[in-house]
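Student: What follows is the file query_4.txt, containing compact mmCIF, C-alpha atoms:
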```txt
# COMPACT_ATOMS: atom_id res chain seq x y z
CA GLU A 1 29.33 -55.19 -27.49
CA VAL A 2 28.56 -55.09 -23.76
CA ALA A 3 26.01 -57.67 -22.64
CA GLU A 4 22.80 -56.80 -20.80
CA ASN A 5 23.37 -55.59 -17.19
CA ASN A 6 27.12 -56.15 -17.51
CA ILE A 7 29.18 -53.50 -15.66
CA VAL A 8 32.68 -53.32 -17.16
CA LYS A 9 34.83 -52.00 -14.32
CA GLU A 10 38.12 -51.66 -16.21
CA LYS A 11 38.55 -48.96 -18.86
CA ILE A 12 38.89 -50.10 -22.46
CA ASN A 13 41.89 -48.37 -24.05
CA LEU A 14 41.91 -47.87 -27.82
CA ILE A 15 45.36 -46.59 -28.78
CA ASN A 16 46.36 -45.53 -32.29
CA ILE A 17 50.11 -44.85 -32.60
CA ILE A 18 51.11 -43.64 -36.06
CA GLN A 19 54.86 -44.22 -36.45
CA ASP A 20 55.23 -44.06 -40.22
CA ASN A 21 54.89 -41.16 -42.68
CA ASN A 22 52.42 -40.34 -45.47
CA LEU A 23 49.69 -42.72 -44.37
CA LEU A 24 45.89 -42.52 -44.73
CA ILE A 25 44.05 -44.58 -42.09
CA ASN A 26 40.26 -45.00 -41.78
CA PRO A 27 39.43 -46.93 -38.58
CA TYR A 28 35.82 -47.84 -37.82
CA ILE A 29 34.66 -48.57 -34.27
CA LEU A 30 31.19 -49.82 -33.31
CA ILE A 31 30.11 -49.69 -29.65
CA ILE A 32 26.91 -51.39 -28.47
CA CYS A 33 25.82 -51.12 -24.83
CA LYS A 34 22.90 -53.39 -24.06
CA THR A 35 20.20 -52.62 -21.47
CA GLY A 36 21.59 -51.74 -18.04
CA SER A 37 25.23 -52.10 -19.08
CA SER A 38 28.08 -49.71 -18.31
CA LEU A 39 31.37 -49.05 -20.12
CA SER A 40 34.27 -46.57 -20.08
CA ILE A 41 36.50 -46.07 -23.14
CA VAL A 42 39.70 -44.10 -23.69
CA ASP A 43 40.39 -43.45 -27.39
CA THR A 44 43.87 -42.02 -27.99
CA THR A 45 45.62 -41.06 -31.22
CA LYS A 46 49.35 -40.29 -31.06
CA TYR A 47 51.55 -39.32 -33.97
CA GLU A 48 55.24 -40.16 -34.11
CA GLY A 49 55.50 -39.76 -37.89
CA ASP A 50 54.62 -36.84 -40.20
CA ASN A 51 52.21 -36.06 -43.04
CA ASN A 52 49.67 -38.67 -41.96
CA TRP A 53 45.90 -38.43 -42.06
CA ILE A 54 43.69 -40.49 -39.76
CA ASN A 55 39.95 -40.39 -40.36
CA PRO A 56 38.15 -42.44 -37.68
CA CYS A 57 34.42 -43.14 -37.56
CA ILE A 58 32.92 -44.16 -34.21
CA GLU A 59 29.31 -45.24 -33.75
CA GLY A 60 27.64 -46.00 -30.45
CA TYR A 61 24.23 -47.44 -29.55
CA LEU A 62 23.03 -47.29 -25.95
CA ASP A 63 19.98 -49.32 -24.99
CA ASP A 64 17.68 -48.47 -22.05
CA HIS A 65 19.50 -47.51 -18.81
CA ALA A 66 22.93 -48.03 -20.41
CA ASN A 67 25.89 -45.83 -19.47
CA LEU A 68 28.88 -44.97 -21.64
CA SER A 69 31.80 -42.71 -20.72
CA MET A 70 34.37 -41.82 -23.36
CA LEU A 71 37.63 -39.89 -23.39
CA SER A 72 38.82 -38.90 -26.87
CA ILE A 73 42.39 -37.58 -27.17
CA GLN A 74 44.22 -36.25 -30.23
CA SER A 75 47.87 -35.78 -29.27
CA LYS A 76 50.80 -33.99 -30.96
CA THR A 77 49.09 -33.61 -34.32
CA LYS A 78 50.96 -30.58 -35.70
CA GLU A 79 52.40 -32.16 -38.85
CA ASN A 80 49.47 -34.54 -39.28
CA ILE A 81 45.72 -34.30 -39.85
CA THR A 82 42.86 -35.86 -37.89
CA THR A 83 39.26 -35.72 -39.08
CA SER A 84 36.77 -37.72 -37.05
CA SER A 85 33.07 -38.54 -37.11
CA LEU A 86 31.37 -39.66 -33.89
CA ASN A 87 27.69 -40.67 -33.75
CA PHE A 88 25.82 -41.90 -30.68
CA HIS A 89 22.20 -43.05 -30.31
CA LEU A 90 20.59 -43.16 -26.84
CA SER A 91 17.48 -45.02 -25.70
CA GLU A 92 15.37 -44.47 -22.58
CA LYS A 93 17.32 -43.25 -19.52
CA ALA A 94 20.62 -43.97 -21.24
CA LYS A 95 23.50 -41.68 -20.28
CA PHE A 96 26.54 -40.65 -22.33
CA ASN A 97 29.47 -38.66 -20.96
CA MET A 98 32.29 -37.54 -23.24
CA PHE A 99 35.47 -35.54 -22.82
CA VAL A 100 37.32 -34.35 -25.94
CA LEU A 101 40.90 -33.07 -26.14
CA ASN A 102 41.83 -31.86 -29.61
CA ARG A 103 45.15 -30.42 -30.68
CA GLU A 104 46.24 -28.77 -33.94
CA ASN A 105 45.05 -29.86 -37.40
CA THR A 106 42.03 -31.62 -35.94
CA LYS A 107 38.41 -31.48 -37.06
CA SER A 108 35.71 -33.44 -35.23
CA ASP A 109 32.07 -33.94 -36.14
CA ILE A 110 30.02 -35.12 -33.15
CA ARG A 111 26.32 -36.00 -33.44
CA ILE A 112 24.22 -37.34 -30.59
CA PHE A 113 20.63 -38.51 -30.88
CA LEU A 114 18.54 -38.63 -27.69
CA LYS A 115 15.96 -41.01 -29.11
CA LYS A 116 13.91 -41.99 -26.04
CA LYS A 117 12.67 -40.18 -22.94
CA SER A 118 15.00 -39.14 -20.11
CA SER A 119 18.17 -39.88 -22.05
CA GLU A 120 21.13 -37.63 -21.28
CA ALA A 121 24.39 -36.48 -22.91
CA ASN A 122 27.16 -34.40 -21.34
CA ILE A 123 30.01 -33.22 -23.56
CA ASN A 124 33.09 -31.40 -22.27
CA GLY A 125 35.98 -30.45 -24.50
CA ILE A 126 39.26 -28.60 -24.84
CA LEU A 127 40.51 -27.28 -28.18
CA ILE A 128 44.16 -26.19 -28.38
CA SER A 129 45.93 -24.69 -31.36
CA SER A 130 49.22 -22.91 -32.07
CA GLU A 131 51.43 -21.64 -34.89
CA LYS A 132 49.21 -21.26 -37.98
CA LYS A 133 47.16 -24.39 -37.31
CA GLN A 134 43.45 -24.95 -36.67
CA SER A 135 41.37 -27.01 -34.26
CA ASP A 136 37.65 -27.29 -35.03
CA ILE A 137 34.60 -28.99 -33.51
CA PHE A 138 31.03 -29.37 -34.72
CA CYS A 139 28.69 -30.89 -32.12
CA LYS A 140 24.97 -31.39 -32.69
CA ILE A 141 22.64 -32.91 -30.11
CA GLU A 142 19.09 -33.82 -31.10
CA HIS A 143 16.28 -34.18 -28.54
CA HIS A 144 13.70 -36.61 -29.92
CA SER A 145 11.65 -37.39 -26.82
CA LYS A 146 10.43 -36.06 -23.45
CA ASP A 147 12.65 -35.01 -20.55
CA CYS A 148 15.93 -35.40 -22.41
CA LYS A 149 18.96 -33.46 -21.19
CA SER A 150 22.10 -32.30 -22.92
CA GLN A 151 25.03 -30.12 -22.00
CA GLN A 152 28.01 -28.88 -23.99
CA ASN A 153 30.89 -27.12 -22.24
CA TRP A 154 33.95 -26.07 -24.25
CA ARG A 155 37.28 -24.33 -23.60
CA LEU A 156 39.23 -22.97 -26.58
CA LEU A 157 42.90 -21.92 -26.42
CA SER A 158 44.48 -20.17 -29.41
CA ALA A 159 48.15 -19.12 -29.57
CA ASP A 160 50.44 -17.51 -32.17
CA SER A 161 48.49 -17.14 -35.44
CA SER A 162 46.24 -20.14 -34.95
CA THR A 163 42.48 -20.56 -34.92
CA THR A 164 40.08 -22.57 -32.76
CA SER A 165 36.38 -22.87 -33.48
CA VAL A 166 33.34 -24.65 -32.12
CA LYS A 167 29.86 -24.85 -33.56
CA GLY A 168 27.35 -26.34 -31.16
CA LYS A 169 23.76 -27.02 -32.12
CA ILE A 170 20.82 -28.10 -29.99
CA LEU A 171 17.78 -29.40 -31.88
CA VAL A 172 14.57 -29.99 -29.92
CA LYS A 173 12.02 -31.83 -32.02
CA LYS A 174 8.26 -31.96 -31.69
CA ASN A 175 6.97 -34.13 -28.79
CA SER A 176 10.07 -33.39 -26.70
CA LYS A 177 8.48 -31.51 -23.81
CA GLY A 178 10.61 -31.13 -20.72
CA SER A 179 13.85 -31.11 -22.69
CA ASP A 180 16.81 -29.26 -21.20
CA GLY A 181 19.69 -28.25 -23.50
CA LYS A 182 22.70 -26.10 -22.69
CA PHE A 183 25.73 -24.87 -24.63
CA TYR A 184 28.56 -22.80 -23.23
CA SER A 185 32.05 -21.98 -24.47
CA ARG A 186 34.94 -19.79 -23.35
CA SER A 187 37.89 -18.80 -25.51
CA LEU A 188 41.31 -17.59 -24.39
CA ILE A 189 43.45 -15.87 -27.03
CA ILE A 190 47.22 -15.64 -26.66
CA GLY A 191 48.95 -13.41 -29.21
CA ASP A 192 47.81 -10.72 -31.59
CA GLY A 193 47.47 -13.07 -34.56
CA ALA A 194 45.37 -15.74 -32.84
CA SER A 195 41.61 -16.04 -33.26
CA SER A 196 38.70 -18.07 -31.94
CA PHE A 197 35.12 -18.59 -33.09
CA SER A 198 32.09 -19.95 -31.27
CA LYS A 199 28.69 -20.38 -32.87
CA PRO A 200 25.90 -21.78 -30.69
CA GLU A 201 22.58 -22.61 -32.38
CA LEU A 202 19.18 -23.47 -30.94
CA GLU A 203 16.46 -24.98 -33.12
CA ILE A 204 13.30 -25.61 -31.09
CA PHE A 205 10.01 -27.07 -32.33
CA GLU A 206 8.34 -27.66 -28.96
CA ASP A 207 7.18 -25.56 -26.02
CA GLU A 208 7.76 -26.23 -22.31
CA VAL A 209 11.49 -26.72 -22.77
CA SER A 210 14.56 -25.10 -21.22
CA CYS A 211 17.44 -24.22 -23.55
CA SER A 212 20.30 -21.76 -23.17
CA HIS A 213 23.58 -20.86 -24.80
CA GLY A 214 26.51 -18.55 -24.22
CA ALA A 215 29.99 -17.77 -25.50
CA ALA A 216 32.77 -15.64 -24.02
CA PHE A 217 36.09 -14.48 -25.47
CA GLY A 218 39.07 -12.84 -23.86
CA GLU A 219 42.81 -12.35 -23.57
CA ILE A 220 45.08 -12.84 -20.60
CA ASP A 221 44.54 -10.08 -18.05
CA LYS A 222 47.74 -8.01 -17.93
CA ASN A 223 46.80 -6.63 -14.52
CA LEU A 224 46.63 -10.16 -13.17
CA ILE A 225 50.07 -10.93 -14.58
CA PHE A 226 51.44 -7.72 -13.00
CA TYR A 227 49.91 -8.68 -9.65
CA MET A 228 51.53 -12.12 -9.69
CA GLN A 229 54.86 -10.64 -10.74
CA SER A 230 54.64 -8.30 -7.74
CA ARG A 231 54.39 -11.44 -5.60
CA GLY A 232 57.60 -12.88 -7.03
CA ILE A 233 56.13 -15.04 -9.81
CA SER A 234 57.82 -14.76 -13.20
CA LYS A 235 55.80 -13.58 -16.20
CA ASN A 236 55.95 -16.94 -17.98
CA GLU A 237 54.95 -18.79 -14.84
CA ALA A 238 52.07 -16.36 -14.30
CA ILE A 239 50.81 -16.99 -17.83
CA LYS A 240 50.96 -20.75 -17.28
CA ILE A 241 48.99 -20.44 -14.04
CA ILE A 242 46.26 -18.39 -15.75
CA ILE A 243 45.99 -20.82 -18.68
CA THR A 244 45.90 -23.83 -16.37
CA ALA A 245 43.13 -22.27 -14.27
CA PHE A 246 41.15 -21.50 -17.43
CA ILE A 247 41.34 -25.11 -18.64
CA ASN A 248 40.87 -26.66 -15.20
CA GLU A 249 37.29 -25.38 -15.06
CA ILE A 250 36.08 -28.42 -17.00
CA VAL A 251 38.73 -31.03 -16.23
CA SER A 252 37.29 -33.75 -14.01
CA ASN A 253 39.01 -35.90 -11.40
CA ASP A 254 39.51 -38.83 -13.77
CA GLU A 255 43.13 -39.85 -13.14
CA GLU A 256 43.90 -40.93 -16.71
CA MET A 257 42.40 -37.78 -18.16
CA LEU A 258 44.36 -35.60 -15.76
CA GLU A 259 47.63 -37.29 -16.70
CA THR A 260 46.95 -36.80 -20.40
CA TYR A 261 45.86 -33.23 -19.90
CA ILE A 262 49.00 -32.38 -17.90
CA ALA A 263 51.25 -33.91 -20.57
CA GLU A 264 49.52 -32.05 -23.40
CA MET A 265 49.62 -28.73 -21.55
CA GLN A 266 53.32 -29.19 -20.77
CA ASP A 267 53.98 -29.75 -24.47
CA PHE A 268 51.99 -26.61 -25.28
CA PHE A 269 53.86 -24.54 -22.68
CA GLU A 270 57.28 -25.68 -23.90
CA VAL A 271 56.53 -24.48 -27.43
CA ASN A 272 54.45 -21.36 -26.74
CA ILE A 273 55.34 -20.00 -23.31
CA LEU A 274 58.87 -20.99 -22.24
```
Rewrite the structure from the file as structure tokens, please.

Tutor:
Amino acid sequence: EVAENNIVKEKINLINIIQDNNLLINPYILIICKTGSSLSIVDTTKYEGDNNWINPCIEGYLDDHANLSMLSIQSKTKENITTSSLNFHLSEKAKFNMFVLNRENTKSDIRIFLKKKSSEANINGILISSEKKQSDIFCKIEHHSKDCKSQQNWRLLSADSSTTSVKGKILVKKNSKGSDGKFYSRSLIIGDGASSFSKPELEIFEDEVSCSHGAAFGEIDKNLIFYMQSRGISKNEAIKIIITAFINEIVSNDEEMLETYIAEMQDFFEVNIL
């Protein structure tokens, strides 16, 4: 719990390192940000063992004018399973920013409730999958009051015979005039057996609102690879550059996030590209 008007300058790191095998773990985390407070959290799950299942539940309550930033990372999950439930409730002029990085065998259920006027949620996420694995996200944001804003921005990367999927829902309830909700996703497919799914949904029960959604799918442009090869860049290096540029569109300047992202992408490249 963060006390009223308390600004926590240092990030809080929650690190789950699973070193054993055949474990089932159900962590529960409760976050309370009192009026005018501010907090940044990095929640990381790393697997060093196999055949484990971690099933975290995270709940957050943001009072008026509170700010919460959260980085959620699921790392090297191939021979393990992660299923997570994340629920956040925002009061007047509260702001929630979240970045999600999910690897293989990961399913996340994210639900955000904009309870009072002028509350705001911004969700950015990267889903990566390879081999015959899956990476799935469900994210629902509910607008309960006037002038609430929400944005979802996703990048999906599927390699080999794997699948990535995102289902994003925006619900605008009655008495929520002035609401602004956006959903956008882009999927990059590497390999003939890979697939990706994106399903945006809008459910609107009020007028005078602004809501939009979009989804795009594609493969690596062979002409672009040929062009880079003609400039002396190897094919594998060209593919890595294209993938990195695709993901970089939503990666912020947060130093810790960038370090994690670089490490995860290097692991992906070593297995799928090199």

Student: If you take all atoms listed in the file and a cut-off of 12 Å, which residues of range 201-257 of chain A touch range 111-129 of chain A, and what are their nearest atom pairs and distances in Å to one decimal, in chain and number order, as a Markdown table?

Tutor:
```
| residue | atom | partner | partner_atom | distance |
| --- | --- | --- | --- | --- |
| A:Ile243 | CA | A:Ile128 | CA | 11.2 |
| A:Thr244 | CA | A:Ile126 | CA | 11.8 |
| A:Phe246 | CA | A:Ile126 | CA | 10.4 |
| A:Ile247 | CA | A:Ile126 | CA | 7.4 |
| A:Asn248 | CA | A:Ile126 | CA | 10.0 |
| A:Glu249 | CA | A:Asn124 | CA | 10.3 |
| A:Ile250 | CA | A:Asn124 | CA | 6.8 |
| A:Val251 | CA | A:Asn124 | CA | 8.3 |
| A:Ser252 | CA | A:Asn124 | CA | 9.6 |
| A:Met257 | CA | A:Gly125 | CA | 11.6 |
```

Student: Which one is closest to Ser85 in chain A: A:Lys240, A:Lys199, A:Arg186, A:Lys107? Count only C-alpha atoms.

Tutor: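 Among A:Lys240, A:Lys199, A:Arg186, A:Lys107, it is A:Lys107 that comes nearest to Ser85 in chain A.
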
Student: Using only C-alpha atoms, find the one residue out of A:Ser69, A:Ser75, A:Asn223, A:Gln134 that sits nearest to Ala263 in chain A.

Tutor: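 Closest candidate: A:Ser75.
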
Student: For each of A:Ile58, A:Ala215, A:Leu30, A:Ile7, take the minimum atom-to-atom distance to Asn87 in chain A, counting only C-alpha atoms, then give the residue where this is smallest.

Tutor: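 So, comparing all the options, the nearest one is A:Ile58.
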
Student: Show me as number ranges by chain the residues that reach within 10 Å of (19.8, -30.0, -24.4), counting only C-alpha atoms and using the file's own coordinates.

Tutor: A: 114, 120-122, 140-143, 147-152, 169-172, 178-183, 202, 209-213

Student: Just how far from CA of Pro56 in chain A is CA of Tyr28 in chain A, in Å to one decimal?

Tutor: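 Result for CA of Tyr28 in chain A versus CA of Pro56 in chain A: 5.9 Å, one decimal.
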
Student: What is the CA of Ile41 in chain A-CA of Leu188 in chain A distance in Å, reported with one decimal?

Tutor: 28.9 Å

Student: Have a look at CA of Lys76 in chain A and CA of Asp267 in chain A and let me know their distance in Å, one decimal.

Tutor: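 Those two atoms sit 8.4 Å apart.
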
Student: Around all of range 238-249 of chain A's listed atoms, make the axis-aligned box with 8 Å on each side and tell me centre and edge lengths in Å to one decimal, as lines of an AutoDock Vina configuration file.

Tutor:
```
center_x = 44.7
center_y = -21.5
center_z = -16.4
size_x = 30.8
size_y = 26.3
size_z = 20.6
```

Student: Rank A:Asn67, A:Ser198, A:Thr106, A:Asn21 by their smallest atom-to-atom distance to Cys33 in chain A, using only C-alpha atoms, and report the top residue only.

Tutor: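 Closest candidate: A:Asn67.
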
Student: Could you pull the residues within 10 Å of Asp160 in chain A, counting all atoms listed in the file, minus those fewer than 6 positions along the same chain, as a ChimeraX atom specification?

Tutor: /A:129-133,189-195,272

Student: When you count only C-alpha atoms, which of these residues is closest to Glu259 in chain A: A:Ile73, A:Asp50, A:Ile18, A:Phe217?

Tutor: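 Ranking A:Ile73, A:Asp50, A:Ile18, A:Phe217 by distance to Glu259 in chain A, first place goes to A:Ile73.
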